[in-house]
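work.cif follows; it contains mmCIF, C-alpha atoms.
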data_target
#
loop_
_atom_site.group_PDB
_atom_site.id
_atom_site.type_symbol
_atom_site.label_atom_id
_atom_site.label_comp_id
_atom_site.auth_asym_id
_atom_site.auth_seq_id
_atom_site.Cartn_x
_atom_site.Cartn_y
_atom_site.Cartn_z
ATOM 1 C CA MET H 1 0.000 0.000 0.000
ATOM 2 C CA ALA H 2 2.900 2.336 0.722
ATOM 3 C CA GLN H 3 3.869 2.754 -2.934
ATOM 4 C CA ASP H 4 0.306 3.745 -3.890
ATOM 5 C CA TRP H 5 0.133 6.901 -1.796
ATOM 6 C CA ARG H 6 2.251 8.958 -4.206
ATOM 7 C CA LEU H 7 -0.394 10.489 -6.478
ATOM 8 C CA PHE H 8 2.185 12.643 -8.248
ATOM 9 C CA GLN H 9 5.178 10.837 -9.729
ATOM 10 C CA GLY H 10 6.908 13.521 -11.801
ATOM 11 C CA GLY H 11 9.411 12.741 -14.536
ATOM 12 C CA ASP H 12 7.955 11.438 -17.789
ATOM 13 C CA THR H 13 4.884 9.905 -16.169
ATOM 14 C CA GLU H 14 1.856 9.863 -18.443
ATOM 15 C CA PRO H 15 -1.019 12.133 -17.343
ATOM 16 C CA HIS H 16 -3.548 10.097 -15.418
ATOM 17 C CA ALA H 17 -6.815 10.756 -13.600
ATOM 18 C CA VAL H 18 -7.000 10.065 -9.870
ATOM 19 C CA GLU H 19 -10.061 7.905 -9.430
ATOM 20 C CA THR H 20 -10.412 8.454 -5.680
ATOM 21 C CA TRP H 21 -9.096 11.703 -4.261
ATOM 22 C CA PRO H 22 -7.717 11.437 -0.699
ATOM 23 C CA THR H 23 -10.211 12.283 2.023
ATOM 24 C CA ALA H 24 -9.278 15.522 3.757
ATOM 25 C CA PRO H 25 -8.255 15.453 7.426
ATOM 26 C CA PRO H 26 -11.020 16.777 9.714
ATOM 27 C CA TRP H 27 -9.133 20.043 10.266
ATOM 28 C CA ARG H 28 -8.754 20.646 6.498
ATOM 29 C CA ARG H 29 -12.406 20.495 5.456
ATOM 30 C CA PHE H 30 -14.231 23.522 4.168
ATOM 31 C CA GLY H 31 -17.684 24.772 3.225
ATOM 32 C CA GLU H 32 -20.561 22.383 3.817
ATOM 33 C CA ASP H 33 -18.251 19.535 4.838
ATOM 34 C CA ALA H 34 -16.786 21.651 7.636
ATOM 35 C CA ARG H 35 -20.198 22.862 8.827
ATOM 36 C CA ARG H 36 -21.593 19.332 8.774
ATOM 37 C CA ARG H 37 -18.630 18.057 10.802
ATOM 38 C CA ASP H 38 -19.028 20.789 13.406
ATOM 39 C CA GLU H 39 -22.755 20.068 13.741
ATOM 40 C CA GLU H 40 -22.386 16.295 13.934
ATOM 41 C CA ARG H 41 -19.329 16.087 16.200
ATOM 42 C CA PRO H 42 -17.961 19.398 17.453
ATOM 43 C CA LEU H 43 -14.487 18.885 18.870
ATOM 44 C CA PRO H 44 -14.042 19.757 22.546
ATOM 45 C CA TYR H 45 -11.322 22.207 23.500
ATOM 46 C CA LEU H 46 -8.851 20.758 25.981
ATOM 47 C CA ILE H 47 -7.962 23.268 28.673
ATOM 48 C CA SER H 48 -6.724 23.005 32.253
ATOM 49 C CA ASP H 49 -8.914 24.106 35.149
ATOM 50 C CA GLU H 50 -6.534 26.968 35.896
ATOM 51 C CA ASP H 51 -6.582 28.272 32.320
ATOM 52 C CA ARG H 52 -10.361 27.853 32.096
ATOM 53 C CA ASP H 53 -10.755 30.086 35.144
ATOM 54 C CA VAL H 54 -8.599 32.785 33.545
ATOM 55 C CA VAL H 55 -10.881 32.743 30.485
ATOM 56 C CA ASN H 56 -13.916 33.134 32.715
ATOM 57 C CA MET H 57 -12.318 36.050 34.551
ATOM 58 C CA ALA H 58 -11.984 37.884 31.230
ATOM 59 C CA LEU H 59 -15.634 37.145 30.407
ATOM 60 C CA HIS H 60 -16.898 38.433 33.759
ATOM 61 C CA LEU H 61 -14.665 41.509 33.740
ATOM 62 C CA HIS H 62 -15.477 42.339 30.090
ATOM 63 C CA ARG H 63 -11.766 42.683 29.427
ATOM 64 C CA PRO H 64 -9.670 41.550 26.426
ATOM 65 C CA LEU H 65 -8.024 38.153 26.899
ATOM 66 C CA LEU H 66 -4.352 38.266 25.856
ATOM 67 C CA VAL H 67 -3.293 34.706 25.016
ATOM 68 C CA THR H 68 0.391 33.874 24.651
ATOM 69 C CA GLY H 69 2.188 30.613 24.044
ATOM 70 C CA ARG H 70 4.221 28.747 21.481
ATOM 71 C CA PRO H 71 2.763 27.958 18.046
ATOM 72 C CA GLY H 72 0.386 25.015 18.129
ATOM 73 C CA THR H 73 -0.785 25.474 21.726
ATOM 74 C CA GLY H 74 -4.343 26.388 20.682
ATOM 75 C CA LYS H 75 -4.322 30.172 21.034
ATOM 76 C CA SER H 76 -6.492 30.966 18.021
ATOM 77 C CA THR H 77 -8.636 27.870 18.507
ATOM 78 C CA LEU H 78 -9.637 29.139 21.941
ATOM 79 C CA ALA H 79 -11.687 31.972 20.396
ATOM 80 C CA HIS H 80 -13.633 29.484 18.271
ATOM 81 C CA ALA H 81 -14.161 27.204 21.273
ATOM 82 C CA ILE H 82 -15.651 30.081 23.292
ATOM 83 C CA ALA H 83 -17.944 31.114 20.440
ATOM 84 C CA ARG H 84 -19.134 27.561 19.827
ATOM 85 C CA GLU H 85 -19.772 26.606 23.464
ATOM 86 C CA LEU H 86 -21.553 29.860 24.358
ATOM 87 C CA LYS H 87 -23.437 30.090 21.028
ATOM 88 C CA LEU H 88 -22.084 33.533 20.182
ATOM 89 C CA GLY H 89 -22.097 33.089 16.413
ATOM 90 C CA GLU H 90 -19.227 33.135 13.959
ATOM 91 C CA VAL H 91 -15.881 34.436 15.168
ATOM 92 C CA LEU H 92 -14.877 37.825 13.776
ATOM 93 C CA HIS H 93 -11.260 37.399 12.659
ATOM 94 C CA TRP H 94 -8.718 40.213 12.398
ATOM 95 C CA PRO H 95 -5.312 38.838 11.311
ATOM 96 C CA VAL H 96 -2.732 41.505 12.170
ATOM 97 C CA ASN H 97 0.375 42.226 10.114
ATOM 98 C CA SER H 98 3.000 44.989 10.024
ATOM 99 C CA ARG H 99 0.719 47.223 7.914
ATOM 100 C CA SER H 100 -2.408 46.854 10.069
ATOM 101 C CA THR H 101 -3.945 50.029 11.510
ATOM 102 C CA LEU H 102 -6.722 50.741 13.978
ATOM 103 C CA THR H 103 -8.878 52.235 11.218
ATOM 104 C CA GLU H 104 -8.564 49.011 9.194
ATOM 105 C CA GLY H 105 -9.983 47.060 12.118
ATOM 106 C CA LEU H 106 -12.836 49.548 12.579
ATOM 107 C CA TYR H 107 -13.985 50.258 9.022
ATOM 108 C CA SER H 108 -12.954 50.874 5.417
ATOM 109 C CA TYR H 109 -14.212 53.486 2.968
ATOM 110 C CA ASP H 110 -13.802 53.167 -0.796
ATOM 111 C CA ALA H 111 -13.792 56.880 -1.609
ATOM 112 C CA VAL H 112 -12.177 56.305 -5.014
ATOM 113 C CA GLY H 113 -14.852 53.788 -5.985
ATOM 114 C CA ARG H 114 -17.618 56.187 -4.974
ATOM 115 C CA LEU H 115 -16.043 59.034 -6.911
ATOM 116 C CA ARG H 116 -15.699 56.836 -9.985
ATOM 117 C CA GLU H 117 -19.333 55.742 -9.759
ATOM 118 C CA ALA H 118 -20.487 59.357 -9.445
ATOM 119 C CA SER H 119 -18.422 60.311 -12.493
ATOM 120 C CA LEU H 120 -19.872 57.468 -14.547
ATOM 121 C CA LYS H 121 -23.414 58.490 -13.592
ATOM 122 C CA ARG H 122 -22.795 62.094 -14.624
ATOM 123 C CA ARG H 123 -21.423 61.003 -17.969
ATOM 124 C CA ALA H 124 -24.435 58.797 -18.587
ATOM 125 C CA ASP H 125 -26.906 61.489 -17.548
ATOM 126 C CA GLU H 126 -25.694 65.065 -17.241
ATOM 127 C CA THR H 127 -28.864 65.974 -15.345
ATOM 128 C CA ALA H 128 -28.210 63.408 -12.623
ATOM 129 C CA ALA H 129 -27.594 65.277 -9.388
ATOM 130 C CA SER H 130 -27.741 62.515 -6.763
ATOM 131 C CA GLU H 131 -24.507 61.099 -5.404
ATOM 132 C CA PRO H 132 -24.043 57.323 -4.922
ATOM 133 C CA ASP H 133 -25.134 56.166 -1.476
ATOM 134 C CA ILE H 134 -22.094 56.452 0.782
ATOM 135 C CA GLY H 135 -23.217 53.387 2.704
ATOM 136 C CA ASP H 136 -22.510 51.234 -0.350
ATOM 137 C CA TYR H 137 -18.835 52.165 -0.090
ATOM 138 C CA LEU H 138 -18.373 51.737 3.650
ATOM 139 C CA ARG H 139 -17.731 48.432 5.396
ATOM 140 C CA LEU H 140 -17.234 47.776 9.083
ATOM 141 C CA GLY H 141 -14.074 45.868 9.932
ATOM 142 C CA PRO H 142 -13.907 42.965 12.426
ATOM 143 C CA LEU H 143 -13.390 45.262 15.421
ATOM 144 C CA GLY H 144 -16.036 47.721 14.222
ATOM 145 C CA THR H 145 -18.550 44.904 13.765
ATOM 146 C CA ALA H 146 -17.763 43.518 17.231
ATOM 147 C CA LEU H 147 -18.616 46.925 18.752
ATOM 148 C CA LEU H 148 -22.122 47.103 17.276
ATOM 149 C CA PRO H 149 -24.883 47.534 19.908
ATOM 150 C CA VAL H 150 -26.183 43.989 20.444
ATOM 151 C CA ASP H 151 -27.583 42.132 23.450
ATOM 152 C CA LYS H 152 -25.095 39.243 23.300
ATOM 153 C CA PRO H 153 -21.430 39.863 22.495
ATOM 154 C CA ARG H 154 -19.636 38.695 19.381
ATOM 155 C CA VAL H 155 -16.262 36.950 19.670
ATOM 156 C CA LEU H 156 -13.400 38.888 18.084
ATOM 157 C CA LEU H 157 -10.064 37.169 17.406
ATOM 158 C CA VAL H 158 -7.209 39.668 17.046
ATOM 159 C CA ASP H 159 -4.611 37.265 15.717
ATOM 160 C CA GLU H 160 -0.867 37.785 16.263
ATOM 161 C CA LEU H 161 -0.992 41.352 17.530
ATOM 162 C CA ASP H 162 2.757 41.232 18.142
ATOM 163 C CA LYS H 163 3.284 41.309 14.363
ATOM 164 C CA GLY H 164 1.596 44.713 14.122
ATOM 165 C CA ASP H 165 3.015 48.207 14.308
ATOM 166 C CA VAL H 166 4.498 49.147 17.670
ATOM 167 C CA ASP H 167 1.795 51.801 18.188
ATOM 168 C CA LEU H 168 -1.200 49.547 17.431
ATOM 169 C CA PRO H 169 -1.696 48.227 21.009
ATOM 170 C CA ASN H 170 -1.835 51.787 22.362
ATOM 171 C CA ASP H 171 -4.209 52.798 19.560
ATOM 172 C CA LEU H 172 -6.549 50.012 20.648
ATOM 173 C CA LEU H 173 -6.662 51.213 24.256
ATOM 174 C CA THR H 174 -9.101 54.080 23.696
ATOM 175 C CA VAL H 175 -11.548 51.922 21.744
ATOM 176 C CA PHE H 176 -11.350 49.124 24.314
ATOM 177 C CA GLU H 177 -11.914 51.556 27.172
ATOM 178 C CA GLU H 178 -14.726 53.594 25.611
ATOM 179 C CA GLY H 179 -16.413 50.849 23.608
ATOM 180 C CA GLU H 180 -17.277 53.206 20.771
ATOM 181 C CA PHE H 181 -15.833 54.970 17.743
ATOM 182 C CA GLU H 182 -16.767 57.539 15.122
ATOM 183 C CA ILE H 183 -16.929 57.171 11.356
ATOM 184 C CA PRO H 184 -16.083 60.751 10.283
ATOM 185 C CA GLU H 185 -17.364 60.227 6.724
ATOM 186 C CA LEU H 186 -20.847 59.606 8.155
ATOM 187 C CA ALA H 187 -20.672 62.074 11.059
ATOM 188 C CA ARG H 188 -19.940 64.927 8.623
ATOM 189 C CA LEU H 189 -23.237 64.349 6.848
ATOM 190 C CA GLY H 190 -25.119 65.731 9.833
ATOM 191 C CA GLU H 191 -28.081 63.488 9.115
ATOM 192 C CA ASP H 192 -30.328 62.045 11.776
ATOM 193 C CA LYS H 193 -31.112 58.935 9.759
ATOM 194 C CA ALA H 194 -28.991 55.841 10.148
ATOM 195 C CA ILE H 195 -26.853 55.121 7.084
ATOM 196 C CA GLN H 196 -26.871 51.419 6.204
ATOM 197 C CA VAL H 197 -23.350 49.951 6.189
ATOM 198 C CA GLN H 198 -22.170 46.417 5.448
ATOM 199 C CA ILE H 199 -20.658 44.462 8.322
ATOM 200 C CA SER H 200 -17.591 42.224 8.386
ATOM 201 C CA GLY H 201 -17.972 38.623 7.293
ATOM 202 C CA SER H 202 -21.506 39.070 5.953
ATOM 203 C CA ARG H 203 -23.567 40.805 3.283
ATOM 204 C CA LYS H 204 -25.878 42.071 5.985
ATOM 205 C CA LYS H 205 -26.147 45.826 6.538
ATOM 206 C CA VAL H 206 -26.813 47.742 9.747
ATOM 207 C CA GLY H 207 -27.770 51.355 10.419
ATOM 208 C CA ILE H 208 -25.122 53.688 11.860
ATOM 209 C CA PRO H 209 -26.961 56.670 13.407
ATOM 210 C CA GLY H 210 -24.999 59.919 13.379
ATOM 211 C CA GLY H 211 -21.803 58.163 12.343
ATOM 212 C CA TRP H 212 -21.189 56.613 15.780
ATOM 213 C CA VAL H 213 -20.878 52.941 16.717
ATOM 214 C CA SER H 214 -21.362 52.300 20.455
ATOM 215 C CA CYS H 215 -21.509 48.831 21.978
ATOM 216 C CA ARG H 216 -24.042 47.846 24.624
ATOM 217 C CA VAL H 217 -21.995 44.890 25.843
ATOM 218 C CA PHE H 218 -18.231 44.567 25.385
ATOM 219 C CA PRO H 219 -17.289 41.882 22.845
ATOM 220 C CA VAL H 220 -15.342 38.782 23.790
ATOM 221 C CA VAL H 221 -11.918 39.882 22.549
ATOM 222 C CA VAL H 222 -9.239 37.186 22.269
ATOM 223 C CA ILE H 223 -5.825 38.606 21.365
ATOM 224 C CA THR H 224 -3.054 36.175 20.464
ATOM 225 C CA SER H 225 0.687 36.773 20.570
ATOM 226 C CA ASN H 226 3.669 34.580 19.787
ATOM 227 C CA GLY H 227 5.841 36.719 22.037
ATOM 228 C CA GLU H 228 7.832 38.332 19.239
ATOM 229 C CA ARG H 229 7.902 41.597 21.204
ATOM 230 C CA GLU H 230 6.651 43.119 24.444
ATOM 231 C CA PHE H 231 3.476 45.198 24.690
ATOM 232 C CA PRO H 232 3.227 48.559 26.496
ATOM 233 C CA PRO H 233 2.497 48.296 30.251
ATOM 234 C CA ALA H 234 -0.687 50.379 29.865
ATOM 235 C CA PHE H 235 -2.020 47.852 27.365
ATOM 236 C CA LEU H 236 -1.074 44.851 29.492
ATOM 237 C CA ARG H 237 -2.820 46.330 32.547
ATOM 238 C CA ARG H 238 -6.108 46.391 30.660
ATOM 239 C CA CYS H 239 -5.936 42.763 29.540
ATOM 240 C CA VAL H 240 -6.475 39.492 31.347
ATOM 241 C CA ARG H 241 -3.401 37.432 30.493
ATOM 242 C CA LEU H 242 -3.312 33.718 29.731
ATOM 243 C CA ASP H 243 -0.150 31.789 28.866
ATOM 244 C CA LEU H 244 -0.949 28.433 27.262
ATOM 245 C CA LYS H 245 1.583 25.662 27.842
ATOM 246 C CA GLN H 246 2.461 22.983 25.331
ATOM 247 C CA PRO H 247 0.355 19.821 25.734
ATOM 248 C CA ASP H 248 2.108 16.912 27.430
ATOM 249 C CA GLU H 249 2.114 13.335 26.126
ATOM 250 C CA ARG H 250 -1.200 12.443 27.767
ATOM 251 C CA GLN H 251 -2.891 15.553 26.375
ATOM 252 C CA LEU H 252 -1.447 14.879 22.904
ATOM 253 C CA GLN H 253 -2.956 11.401 23.042
ATOM 254 C CA ARG H 254 -6.370 12.928 23.756
ATOM 255 C CA ILE H 255 -5.963 15.500 20.964
ATOM 256 C CA VAL H 256 -5.107 12.816 18.397
ATOM 257 C CA THR H 257 -8.017 10.660 19.548
ATOM 258 C CA MET H 258 -10.451 13.587 19.360
ATOM 259 C CA HIS H 259 -9.475 14.437 15.819
ATOM 260 C CA LEU H 260 -8.913 10.988 14.338
ATOM 261 C CA GLY H 261 -10.798 8.520 16.526
ATOM 262 C CA GLU H 262 -10.085 5.961 19.230
ATOM 263 C CA GLU H 263 -8.580 3.296 16.974
ATOM 264 C CA ILE H 264 -6.091 5.606 15.271
ATOM 265 C CA GLY H 265 -5.270 7.301 18.566
ATOM 266 C CA ALA H 266 -4.436 3.960 20.176
ATOM 267 C CA ARG H 267 -1.989 3.139 17.367
ATOM 268 C CA ALA H 268 -0.285 6.540 17.571
ATOM 269 C CA GLN H 269 1.491 6.145 20.906
ATOM 270 C CA GLU H 270 4.901 5.518 19.346
ATOM 271 C CA LEU H 271 4.579 8.551 17.066
ATOM 272 C CA ILE H 272 3.477 10.719 19.978
ATOM 273 C CA ALA H 273 6.455 9.653 22.089
ATOM 274 C CA ASP H 274 8.800 10.387 19.178
ATOM 275 C CA PHE H 275 7.184 13.789 18.696
ATOM 276 C CA VAL H 276 7.591 14.719 22.382
ATOM 277 C CA SER H 277 11.239 13.645 22.288
ATOM 278 C CA ARG H 278 11.908 15.824 19.239
ATOM 279 C CA ARG H 279 9.956 18.729 20.738
ATOM 280 C CA ASN H 280 12.264 18.747 23.745
ATOM 281 C CA GLU H 281 15.123 19.584 21.383
ATOM 282 C CA ARG H 282 13.443 22.048 18.995
ATOM 283 C CA GLU H 283 10.235 23.992 18.506
ATOM 284 C CA LEU H 284 7.390 21.928 17.019
ATOM 285 C CA ALA H 285 3.637 22.495 16.718
ATOM 286 C CA THR H 286 0.902 20.010 17.554
ATOM 287 C CA ASP H 287 -0.519 20.069 14.019
ATOM 288 C CA GLN H 288 2.758 18.551 12.784
ATOM 289 C CA LEU H 289 2.009 15.498 14.928
ATOM 290 C CA LEU H 290 -1.577 15.337 13.653
ATOM 291 C CA ASN H 291 -0.305 15.422 10.071
ATOM 292 C CA ALA H 292 2.066 12.518 10.726
ATOM 293 C CA VAL H 293 -0.629 10.412 12.394
ATOM 294 C CA ARG H 294 -3.070 11.202 9.597
ATOM 295 C CA LEU H 295 -0.606 10.110 6.914
ATOM 296 C CA ARG H 296 0.105 6.854 8.702
ATOM 297 C CA SER H 297 -3.618 6.124 9.120
ATOM 298 C CA SER H 298 -4.062 6.724 5.354
ATOM 299 C CA GLY H 299 -1.679 3.881 4.545
ATOM 300 C CA VAL H 300 1.467 5.925 4.035
ATOM 301 C CA ARG H 301 4.666 4.321 5.334
ATOM 302 C CA VAL H 302 5.766 7.020 7.773
ATOM 303 C CA ASP H 303 9.478 6.249 7.974
ATOM 304 C CA GLN H 304 12.245 8.363 9.447
ATOM 305 C CA ASP H 305 12.615 10.405 6.261
ATOM 306 C CA VAL H 306 8.919 11.316 6.214
ATOM 307 C CA LEU H 307 8.991 12.187 9.905
ATOM 308 C CA ASP H 308 12.011 14.442 9.394
ATOM 309 C CA LYS H 309 10.100 16.320 6.697
ATOM 310 C CA LEU H 310 6.927 16.642 8.797
ATOM 311 C CA PHE H 311 8.702 17.428 12.054
ATOM 312 C CA ARG H 312 10.772 20.289 10.678
ATOM 313 C CA SER H 313 11.574 22.792 13.388
ATOM 314 C CA LEU H 314 9.455 25.945 13.263
ATOM 315 C CA ASN H 315 12.692 27.906 13.560
ATOM 316 C CA GLU H 316 13.959 26.226 10.384
ATOM 317 C CA VAL H 317 10.714 27.112 8.603
ATOM 318 C CA ASP H 318 10.932 30.751 9.695
ATOM 319 C CA ALA H 319 14.518 30.939 8.534
#

In structure tokens, write the structure found in this file.
Amino acid sequence: MAQDWRLFQGGDTEPHAVETWPTAPPWRRFGEDARRRDEERPLPYLISDEDRDVVNMALHLHRPLLVTGRPGTGKSTLAHAIARELKLGEVLHWPVNSRSTLTEGLYSYDAVGRLREASLKRRADETAASEPDIGDYLRLGPLGTALLPVDKPRVLLVDELDKGDVDLPNDLLTVFEEGEFEIPELARLGEDKAIQVQISGSRKKVGIPGGWVSCRVFPVVVITSNGEREFPPAFLRRCVRLDLKQPDERQLQRIVTMHLGEEIGARAQELIADFVSRRNERELATDQLLNAVRLRSSGVRVDQDVLDKLFRSLNEVDA
């Protein structure tokens, strides 16, 4: 069976159709398959009692939860686990990079697109006096959508904040403390009516009265950091901090079993022990172990060469 797993051969191999495409691992399914999996067998989130209590402190205090830890410890997954268990809807995701700004998280305005549309309308009909609806060119970002006035909070994942500009954490402080923000493009209109604006992650529109967005209940904000740099003390004081540790061998066994089933989990003990031994020497993520176990359960001969490729150090990958 081992020689059959190589779908692609390279060289002068004749083109050939793959009759049966490999079934995707549970964590690599999308669309309807992913939704069906979550509905039929939602995966529990493994967390210690101590860490669970820290999460609950953030919920009760209505404070951002700053989650640190090595890659693969479940930082981002925690936001989805909270949203799923508490039925708070889809997670609003804001992946931060070096170019991210506070305004990007709050809203975006396509002024050029609106100007172009107005110009096209005037060319088509010189008598046309009405401007395109500004609401069609405004869109709330993940943070802006999370701050909408609703009865139950949305979950906002601010992913890898430490990759952002050094000033971004301080820029977030005012919004987190006041729970509101202004959209100047709407506030300048001086209209009492609420302009309809599209929200993040949906085609749905909501009314923004007077150009202000003010939350009624603070969103569940989960901020992740890989510890690439320190945050300002003022920012840290306003967050509840959680440092997730790497799962031990027993926890890894449970993770593999949850994702791939009891039978596969029982046969993975040797791989798990090898993974833990390698992890003691270099930085590895849990999904690398899951990939190795998945390949072996699919009939692939997971020899030392394959393991070396799968268990590449994260430091080597970054380099």

> Suppose you want the space between CA of Gly144 in chain H and CA of Gly105 in chain H; what is it in Å?
Replying inline: 6.4 Å

> At what distance in Å, to one decimal, does CA of Arg203 in chain H lie from CA of Leu65 in chain H?
Replying inline: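 Separating CA of Leu65 in chain H from CA of Arg203 in chain H is a distance of 28.4 Å.
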
>> For this structure, which residues satisfy the selection - the PyMOL selection byres ((chain H and resi 295-307) around 7) - when it is evaluated on the file as given? I want them as number ranges by chain.
In response: H: 1-2, 5, 264, 291-294, 308-311

> Contacts of Leu236 in chain H at 12 Å or less, counting all atoms listed in the file, minus same-chain residues fewer than 3 places along, as an NGL selection string?
Replying inline: :H and (63-67 or 169-170 or 172-173 or 223 or 230-233 or 239-242)

> Smallest atom-to-atom distance to Asp171 in chain H: which of H:Arg70, H:Thr101, H:Lys87, H:Pro22, using all atoms listed in the file?
Replying inline: H:Thr101

> With distances taken over all atoms listed in the file, which of H:Leu156, H:Leu168, H:Leu143, H:Leu260 is nearest to Ala79 in chain H?
Replying inline: H:Leu156

>> Can you translate the PyMOL selection byres ((chain H and resi 61) around 12) into the concrete residues it hits in this file, as a list in words?
In response: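 Those residues are Val54, Val55, Asn56, Met57, Ala58, Leu59, His60, His62, Arg63, Pro64, Leu65, Val217, Phe218, Pro219, Val220, Val221, Arg238, Cys239 and Val240 of chain H.
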
>> With the PyMOL selection byres ((chain H and resi 246) around 9) as the selection, what would be picked from this file? Answer as a PyMOL selection string, please.
In response: chain H and resi 69-74+244-245+247-248+285-286

>> Just checking: using only C-alpha atoms, which residue out of H:Asp243, H:Asp162, H:Glu180, H:Glu19 ends up closest to Ile208 in chain H?
In response: H:Glu180

> Hey, which of H:Ala194, H:Lys163, H:Pro142, H:Glu131 ends up closest to His93 in chain H? Count only C-alpha atoms.
Replying inline: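 Closest candidate: H:Pro142.
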
> Could you state the separation of CA of Leu106 in chain H and CA of Thr145 in chain H in Å, given to one decimal place?
Replying inline: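 Between CA of Leu106 in chain H and CA of Thr145 in chain H the gap is 7.5 Å.
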
How about completing range 102-114 of chain H with N, CA, C and O atoms and giving it to me as a PDB file, in the coordinates of the input?
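File result23.pdb, as written:
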ATOM      1  N   LEU H 102      -5.474  50.756  13.230  1.00  0.00           N
ATOM      2  CA  LEU H 102      -6.722  50.741  13.978  1.00  0.00           C
ATOM      3  C   LEU H 102      -7.910  50.977  13.054  1.00  0.00           C
ATOM      4  O   LEU H 102      -8.935  50.295  13.159  1.00  0.00           O
ATOM      5  N   THR H 103      -7.775  51.929  12.134  1.00  0.00           N
ATOM      6  CA  THR H 103      -8.878  52.235  11.218  1.00  0.00           C
ATOM      7  C   THR H 103      -9.260  51.011  10.403  1.00  0.00           C
ATOM      8  O   THR H 103     -10.450  50.739  10.183  1.00  0.00           O
ATOM      9  N   GLU H 104      -8.282  50.225   9.953  1.00  0.00           N
ATOM     10  CA  GLU H 104      -8.564  49.011   9.194  1.00  0.00           C
ATOM     11  C   GLU H 104      -9.442  48.054   9.988  1.00  0.00           C
ATOM     12  O   GLU H 104     -10.345  47.419   9.459  1.00  0.00           O
ATOM     13  N   GLY H 105      -9.171  47.939  11.283  1.00  0.00           N
ATOM     14  CA  GLY H 105      -9.983  47.060  12.118  1.00  0.00           C
ATOM     15  C   GLY H 105     -11.380  47.593  12.343  1.00  0.00           C
ATOM     16  O   GLY H 105     -12.320  46.827  12.535  1.00  0.00           O
ATOM     17  N   LEU H 106     -11.535  48.935  12.316  1.00  0.00           N
ATOM     18  CA  LEU H 106     -12.836  49.548  12.579  1.00  0.00           C
ATOM     19  C   LEU H 106     -13.709  49.599  11.330  1.00  0.00           C
ATOM     20  O   LEU H 106     -14.867  49.168  11.348  1.00  0.00           O
ATOM     21  N   TYR H 107     -13.179  50.144  10.239  1.00  0.00           N
ATOM     22  CA  TYR H 107     -13.985  50.258   9.022  1.00  0.00           C
ATOM     23  C   TYR H 107     -13.093  50.608   7.838  1.00  0.00           C
ATOM     24  O   TYR H 107     -11.935  51.009   8.006  1.00  0.00           O
ATOM     25  N   SER H 108     -13.637  50.449   6.635  1.00  0.00           N
ATOM     26  CA  SER H 108     -12.954  50.874   5.417  1.00  0.00           C
ATOM     27  C   SER H 108     -13.923  51.675   4.565  1.00  0.00           C
ATOM     28  O   SER H 108     -15.138  51.428   4.587  1.00  0.00           O
ATOM     29  N   TYR H 109     -13.395  52.626   3.818  1.00  0.00           N
ATOM     30  CA  TYR H 109     -14.212  53.486   2.968  1.00  0.00           C
ATOM     31  C   TYR H 109     -13.568  53.571   1.588  1.00  0.00           C
ATOM     32  O   TYR H 109     -12.426  54.026   1.455  1.00  0.00           O
ATOM     33  N   ASP H 110     -14.293  53.143   0.578  1.00  0.00           N
ATOM     34  CA  ASP H 110     -13.802  53.167  -0.796  1.00  0.00           C
ATOM     35  C   ASP H 110     -14.202  54.495  -1.437  1.00  0.00           C
ATOM     36  O   ASP H 110     -15.138  54.557  -2.243  1.00  0.00           O
ATOM     37  N   ALA H 111     -13.472  55.550  -1.083  1.00  0.00           N
ATOM     38  CA  ALA H 111     -13.792  56.880  -1.609  1.00  0.00           C
ATOM     39  C   ALA H 111     -13.550  56.956  -3.107  1.00  0.00           C
ATOM     40  O   ALA H 111     -14.304  57.601  -3.846  1.00  0.00           O
ATOM     41  N   VAL H 112     -12.491  56.283  -3.589  1.00  0.00           N
ATOM     42  CA  VAL H 112     -12.177  56.305  -5.014  1.00  0.00           C
ATOM     43  C   VAL H 112     -13.286  55.620  -5.810  1.00  0.00           C
ATOM     44  O   VAL H 112     -13.717  56.112  -6.867  1.00  0.00           O
ATOM     45  N   GLY H 113     -13.765  54.496  -5.302  1.00  0.00           N
ATOM     46  CA  GLY H 113     -14.852  53.788  -5.985  1.00  0.00           C
ATOM     47  C   GLY H 113     -16.119  54.615  -6.057  1.00  0.00           C
ATOM     48  O   GLY H 113     -16.826  54.618  -7.074  1.00  0.00           O
ATOM     49  N   ARG H 114     -16.414  55.343  -4.979  1.00  0.00           N
ATOM     50  CA  ARG H 114     -17.618  56.187  -4.974  1.00  0.00           C
ATOM     51  C   ARG H 114     -17.469  57.350  -5.956  1.00  0.00           C
ATOM     52  O   ARG H 114     -18.425  57.700  -6.667  1.00  0.00           O
TER      53      ARG H 114
END
